[in-house]
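Remarks on the structure that follows.
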Amino acid sequence: GQQLNQSPQSMFIQEGEDVSMNCTSSSIFNTWLWYKQDPGEGPVLLIALYKAGELTSNGRLTAQFGITRKDSFLNISASIPSDVGIYFCAAANAGGTSYGKLTFGQGTILTVHP
Amino acid sequence: ETGVTQTPRHLVMGMTNKKSLKCEQHLGHNAMYWYKQSAKKPLELMFVYNFKEQTENNSVPSRFSPECPNSSHLFLHLHTLQPEDSALYLCASSSQTQGLGVPLHFGNGTRLTVT
């Protein structure tokens with residue numbers, strides 16, 4: 001089946017540092033999404049990307065949809081303690097009969113030291 | 001408030017019990033999903049409902065039985081579960097109006113423990 005390889009698995013950084021994580025696949029997708037999950041809660045959408053090459057920002061977060069449509073990255077600038085959590089990439093071939101069927105990466109656990 | 005509400009938040013059940021998980025979405029979406037989240041594994045899609053019709057059963061054992069009475073409510077009926085079914089069960093919804101079906105909006109999940 002389709003798989004997403006997300007790296008790194010975990011990161012330990014100091015407050016104020018920038019963070020980068022990425023997701024790759026052997027399959028082509030037309031939609032890439034990035035979610036964050038806090039303990040005891042469900043994943044919350046951070047950024048959605050719908051076009052190859054697209055670069056989108058949401059505050060201190062920036063994500064890009066790879067030009068090959070097989071990868072995506074997420075950057076967090078100037079990290080703060082509340083950035084702690086698990087970050088998931090997800091991808092889909094949205095539209096048609098494949099709507100909503102997301103494939104998820106394994107997640108990146110982010111720890112920020114004050 | 002996520003717009004997708006799941007109850008109960010925590011559930012402990014024996015292997016012979018019957019219980020149900022409930023999900024309600026207040027976003028006006030027309031597709032709903034059940035996902036399973038186990039430790040150290042990616043989220044796994046279980047079921048998809050589009051306009052109340054089940055359109056996907058991702059090879060889920062019959063001890064899990066979904067029900068979608070309308071576009072706002074989704075249930076997962078549980079019967080004779082196994083300890084390995086212990087996990088966080090997440091409900092999600094999305095809109096199909098533009099034909100994309102993404103992104104998905106998730107509830108906070110039900111933490112299920114099977115003893």
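We label chains A, B, ... in the order they appear in the structure tokens, count residues from 1 in each chain, and number ligands from 1 in the order shown.
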Do a neighbour search on stretch 7-21 of chain A at 12 Å with only C-alpha atoms, toss out local chain neighbours closer than 5 positions, and write the hits as JSON, numbers by chain.
{"A": [34, 60, 61, 62, 63, 64, 71, 72, 73, 74, 75, 76, 77, 78, 79, 80, 81, 82, 83, 84, 85, 86, 87, 88, 89, 105, 106, 107, 108, 109, 110, 111, 112, 113, 114], "B": [40, 41, 42]}
Can you spit out the residues from that selection as a compact mmCIF listing (two decimals), in the first residue's frame, using N, CA, C and O atoms?
```txt
# COMPACT_ATOMS: atom_id res chain seq x y z
N TRP A 34 -0.44 19.06 6.52
CA TRP A 34 0.35 18.94 7.75
C TRP A 34 -0.57 19.18 8.94
O TRP A 34 -1.33 20.17 8.97
N ARG A 60 4.34 31.33 11.77
CA ARG A 60 5.74 30.90 11.75
C ARG A 60 5.95 29.59 11.01
O ARG A 60 7.08 29.10 10.92
N LEU A 61 4.90 29.03 10.49
CA LEU A 61 4.99 27.75 9.77
C LEU A 61 4.99 27.99 8.26
O LEU A 61 4.24 28.82 7.75
N THR A 62 5.85 27.24 7.58
CA THR A 62 5.90 27.28 6.12
C THR A 62 5.97 25.84 5.62
O THR A 62 6.75 25.05 6.14
N ALA A 63 5.17 25.53 4.60
CA ALA A 63 5.19 24.18 4.04
C ALA A 63 5.25 24.28 2.53
O ALA A 63 4.77 25.25 1.93
N GLN A 64 5.87 23.29 1.92
CA GLN A 64 5.95 23.25 0.46
C GLN A 64 5.53 21.89 -0.07
O GLN A 64 5.84 20.85 0.52
N ASP A 71 6.76 14.55 -2.36
CA ASP A 71 7.31 14.95 -1.07
C ASP A 71 6.79 16.33 -0.64
O ASP A 71 6.24 17.09 -1.44
N SER A 72 6.99 16.59 0.65
CA SER A 72 6.60 17.87 1.22
C SER A 72 7.46 18.13 2.44
O SER A 72 7.94 17.18 3.08
N PHE A 73 7.69 19.39 2.74
CA PHE A 73 8.39 19.71 3.98
C PHE A 73 7.63 20.76 4.77
O PHE A 73 6.83 21.51 4.22
N LEU A 74 7.92 20.78 6.07
CA LEU A 74 7.34 21.78 6.98
C LEU A 74 8.47 22.42 7.76
O LEU A 74 9.31 21.72 8.32
N ASN A 75 8.50 23.73 7.77
CA ASN A 75 9.47 24.48 8.57
C ASN A 75 8.74 25.28 9.63
O ASN A 75 7.67 25.85 9.37
N ILE A 76 9.33 25.31 10.82
CA ILE A 76 8.83 26.16 11.90
C ILE A 76 9.95 27.10 12.28
O ILE A 76 11.07 26.67 12.59
N SER A 77 9.69 28.37 12.22
CA SER A 77 10.75 29.34 12.56
C SER A 77 10.57 29.83 13.99
O SER A 77 9.46 29.90 14.51
N ALA A 78 11.70 30.13 14.62
CA ALA A 78 11.72 30.70 15.97
C ALA A 78 10.79 29.95 16.92
O ALA A 78 9.82 30.50 17.43
N SER A 79 11.10 28.69 17.15
CA SER A 79 10.22 27.82 17.93
C SER A 79 9.97 28.36 19.34
O SER A 79 10.82 29.04 19.93
N ILE A 80 8.79 28.05 19.85
CA ILE A 80 8.39 28.43 21.20
C ILE A 80 7.89 27.18 21.92
O ILE A 80 7.59 26.17 21.27
N PRO A 81 7.81 27.20 23.24
CA PRO A 81 7.43 26.00 23.99
C PRO A 81 6.10 25.39 23.54
O PRO A 81 5.94 24.16 23.56
N SER A 82 5.14 26.18 23.13
CA SER A 82 3.84 25.63 22.74
C SER A 82 3.88 24.92 21.38
O SER A 82 2.88 24.34 20.95
N ASP A 83 5.02 24.93 20.72
CA ASP A 83 5.16 24.16 19.47
C ASP A 83 5.33 22.67 19.76
O ASP A 83 5.28 21.85 18.85
N VAL A 84 5.53 22.33 21.03
CA VAL A 84 5.69 20.92 21.41
C VAL A 84 4.48 20.11 20.97
O VAL A 84 3.34 20.55 21.13
N GLY A 85 4.73 18.93 20.44
CA GLY A 85 3.64 18.07 20.01
C GLY A 85 4.13 17.10 18.95
O GLY A 85 5.33 16.98 18.70
N ILE A 86 3.19 16.41 18.34
CA ILE A 86 3.52 15.49 17.26
C ILE A 86 3.00 16.08 15.95
O ILE A 86 1.83 16.46 15.86
N TYR A 87 3.87 16.15 14.97
CA TYR A 87 3.52 16.71 13.67
C TYR A 87 3.39 15.56 12.66
O TYR A 87 4.27 14.71 12.57
N PHE A 88 2.29 15.55 11.96
CA PHE A 88 2.03 14.51 10.97
C PHE A 88 1.91 15.12 9.58
O PHE A 88 1.23 16.13 9.39
N CYS A 89 2.54 14.47 8.60
CA CYS A 89 2.21 14.78 7.22
C CYS A 89 1.12 13.81 6.78
O CYS A 89 0.98 12.72 7.33
N GLY A 105 1.92 9.98 7.61
CA GLY A 105 3.27 9.63 8.02
C GLY A 105 3.27 9.17 9.47
O GLY A 105 2.25 9.22 10.16
N GLN A 106 4.44 8.71 9.93
CA GLN A 106 4.54 8.15 11.28
C GLN A 106 4.59 9.23 12.36
O GLN A 106 4.45 8.94 13.54
N GLY A 107 4.81 10.47 11.96
CA GLY A 107 4.83 11.57 12.92
C GLY A 107 6.24 11.96 13.34
O GLY A 107 7.16 11.13 13.37
N THR A 108 6.42 13.23 13.65
CA THR A 108 7.66 13.76 14.22
C THR A 108 7.33 14.34 15.58
O THR A 108 6.49 15.23 15.69
N ILE A 109 7.98 13.80 16.62
CA ILE A 109 7.75 14.29 17.98
C ILE A 109 8.70 15.44 18.24
O ILE A 109 9.92 15.27 18.18
N LEU A 110 8.15 16.61 18.50
CA LEU A 110 8.96 17.81 18.71
C LEU A 110 8.95 18.18 20.18
O LEU A 110 7.88 18.33 20.80
N THR A 111 10.14 18.33 20.74
CA THR A 111 10.32 18.81 22.11
C THR A 111 11.10 20.11 22.06
O THR A 111 12.15 20.17 21.41
N VAL A 112 10.61 21.13 22.74
CA VAL A 112 11.27 22.44 22.76
C VAL A 112 11.67 22.76 24.19
O VAL A 112 10.83 22.83 25.08
N HIS A 113 12.97 22.95 24.39
CA HIS A 113 13.47 23.30 25.72
C HIS A 113 13.51 24.82 25.87
O HIS A 113 14.07 25.50 25.02
N PRO A 114 12.94 25.34 26.96
CA PRO A 114 12.93 26.79 27.16
C PRO A 114 14.35 27.35 27.31
O PRO A 114 15.26 26.65 27.72
N LYS B 40 3.01 4.10 17.95
CA LYS B 40 4.10 3.84 17.02
C LYS B 40 3.64 3.39 15.63
O LYS B 40 4.40 2.77 14.89
N LYS B 41 2.40 3.69 15.29
CA LYS B 41 1.90 3.36 13.95
C LYS B 41 1.21 4.59 13.36
O LYS B 41 0.62 5.38 14.09
N PRO B 42 1.25 4.72 12.03
CA PRO B 42 0.51 5.84 11.41
C PRO B 42 -0.99 5.66 11.61
O PRO B 42 -1.47 4.54 11.80
```
Using only C-alpha atoms, I'd like a table of the residues in chain B that come within 12 Å of chain A; for each, show the closest atom pair and its distance in Å rounded to one decimal, ordered by chain and ascending number, as a tab-separated table.
```
residue	atom	partner	partner_atom	distance
B:Glu1	CA	A:Glu41	CA	10.9
B:Thr2	CA	A:Val44	CA	8.4
B:Gly3	CA	A:Val44	CA	11.2
B:Val4	CA	A:Gly42	CA	9.8
B:Thr5	CA	A:Gly42	CA	10.4
B:Gln6	CA	A:Gly42	CA	10.1
B:Arg9	CA	A:Gly40	CA	9.1
B:His10	CA	A:Gly40	CA	10.2
B:His29	CA	A:Gly100	CA	11.8
B:Asn30	CA	A:Gly100	CA	11.2
B:Ala31	CA	A:Gly100	CA	8.1
B:Met32	CA	A:Gly100	CA	8.8
B:Tyr33	CA	A:Gly100	CA	8.3
B:Trp34	CA	A:Lys101	CA	10.7
B:Tyr35	CA	A:Leu102	CA	9.9
B:Lys36	CA	A:Gly42	CA	11.3
B:Gln37	CA	A:Gly42	CA	9.9
B:Ser38	CA	A:Gln106	CA	10.6
B:Ala39	CA	A:Gln106	CA	9.9
B:Lys40	CA	A:Gln106	CA	7.2
B:Lys41	CA	A:Gln106	CA	6.1
B:Pro42	CA	A:Gln106	CA	4.7
B:Leu43	CA	A:Phe104	CA	6.0
B:Glu44	CA	A:Phe104	CA	7.8
B:Leu45	CA	A:Lys101	CA	7.2
B:Met46	CA	A:Lys101	CA	9.8
B:Phe47	CA	A:Lys101	CA	9.5
B:Val48	CA	A:Lys101	CA	8.0
B:Tyr49	CA	A:Gly100	CA	9.9
B:Asn50	CA	A:Tyr99	CA	9.3
B:Thr55	CA	A:Thr97	CA	8.8
B:Glu56	CA	A:Lys101	CA	9.0
B:Asn57	CA	A:Lys101	CA	11.2
B:Asn58	CA	A:Lys101	CA	10.2
B:Leu88	CA	A:Gly42	CA	9.2
B:Tyr89	CA	A:Gly42	CA	9.4
B:Leu90	CA	A:Gly42	CA	7.0
B:Cys91	CA	A:Gly42	CA	8.8
B:Ala92	CA	A:Gly42	CA	9.2
B:Ser93	CA	A:Gly100	CA	8.6
B:Ser94	CA	A:Gly100	CA	7.1
B:Ser95	CA	A:Gly100	CA	8.8
B:Gln96	CA	A:Tyr99	CA	7.7
B:Thr97	CA	A:Gly95	CA	10.3
B:Gln98	CA	A:Gly95	CA	8.3
B:Gly99	CA	A:Gly95	CA	5.0
B:Leu100	CA	A:Gly95	CA	4.2
B:Gly101	CA	A:Tyr99	CA	4.5
B:Val102	CA	A:Gly100	CA	5.2
B:Pro103	CA	A:Ala48	CA	7.1
B:Leu104	CA	A:Gly100	CA	6.8
B:His105	CA	A:Val44	CA	7.1
B:Phe106	CA	A:Gly42	CA	5.7
B:Gly107	CA	A:Gly42	CA	5.4
B:Asn108	CA	A:Gly42	CA	4.0
B:Gly109	CA	A:Gly42	CA	6.0
B:Thr110	CA	A:Gly40	CA	9.3
B:Arg111	CA	A:Gly40	CA	8.6
```
Kindly give the distance, in Å, that separates atom CA of B:Leu112 and atom CA of B:His26, rounded to a single decimal.
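Between these atoms lies a distance of 23.6 Å.
Residues lying within 10 Å of B:Leu11, counting only C-alpha atoms and ignoring same-chain neighbours fewer than 3 positions away, are Thr7, Pro8, Lys19, Ser20, Leu21, Ser86, Thr110, Arg111, Leu112, Thr113 and Val114 of chain B.
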Chain B: which residues are strand (DSSP E or B) by DSSP, as a PyMOL selection string?
chain B and resi 4-7+10-13+18-25+31-37+44-50+53-57+64-70+73-79+87-94+105-106+110-114
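Taking atom CA of A:Gln6 as the reference point, atom CA of B:Pro83 is found at 28.1 Å.
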Separation of atom CA of B:Leu27 from atom CA of B:Gln54, in Å and rounded to one decimal
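Atom-to-atom, atom CA of B:Leu27 and atom CA of B:Gln54 are spaced 19.5 Å apart.
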May I have the residues within 6 Å of stretch 61-75 of chain B as an MDAnalysis selection string, using only C-alpha atoms and disregarding those fewer than 4 positions away in the same chain?
chainID B and resid 21:25 30 51:52 79
Any chance you can output those residues with C-alpha atoms as an mmCIF file, in the first residue's frame?
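Final file, out39.cif:
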```cif
data_model
loop_
_atom_site.group_PDB
_atom_site.id
_atom_site.type_symbol
_atom_site.label_atom_id
_atom_site.label_comp_id
_atom_site.auth_asym_id
_atom_site.auth_seq_id
_atom_site.Cartn_x
_atom_site.Cartn_y
_atom_site.Cartn_z
ATOM 1 C CA LEU B 21 -18.537 5.283 20.207
ATOM 2 C CA LYS B 22 -20.339 8.415 19.093
ATOM 3 C CA CYS B 23 -19.251 11.255 16.837
ATOM 4 C CA GLU B 24 -21.104 14.432 15.933
ATOM 5 C CA GLN B 25 -19.924 17.138 13.571
ATOM 6 C CA ASN B 30 -21.183 15.533 4.292
ATOM 7 C CA PHE B 51 -23.717 11.385 2.265
ATOM 8 C CA LYS B 52 -24.588 8.642 4.808
ATOM 9 C CA HIS B 79 -18.428 -6.177 20.155
#
```
Can you pull out the residues contacting A:Ile28? Cut-off 8 Å, using only C-alpha atoms, and skip same-chain residues under 5 positions away; I want them as a list of chain:residue names.
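Surrounding residues, per the criterion: A:Thr68, A:Arg69, A:Lys70.
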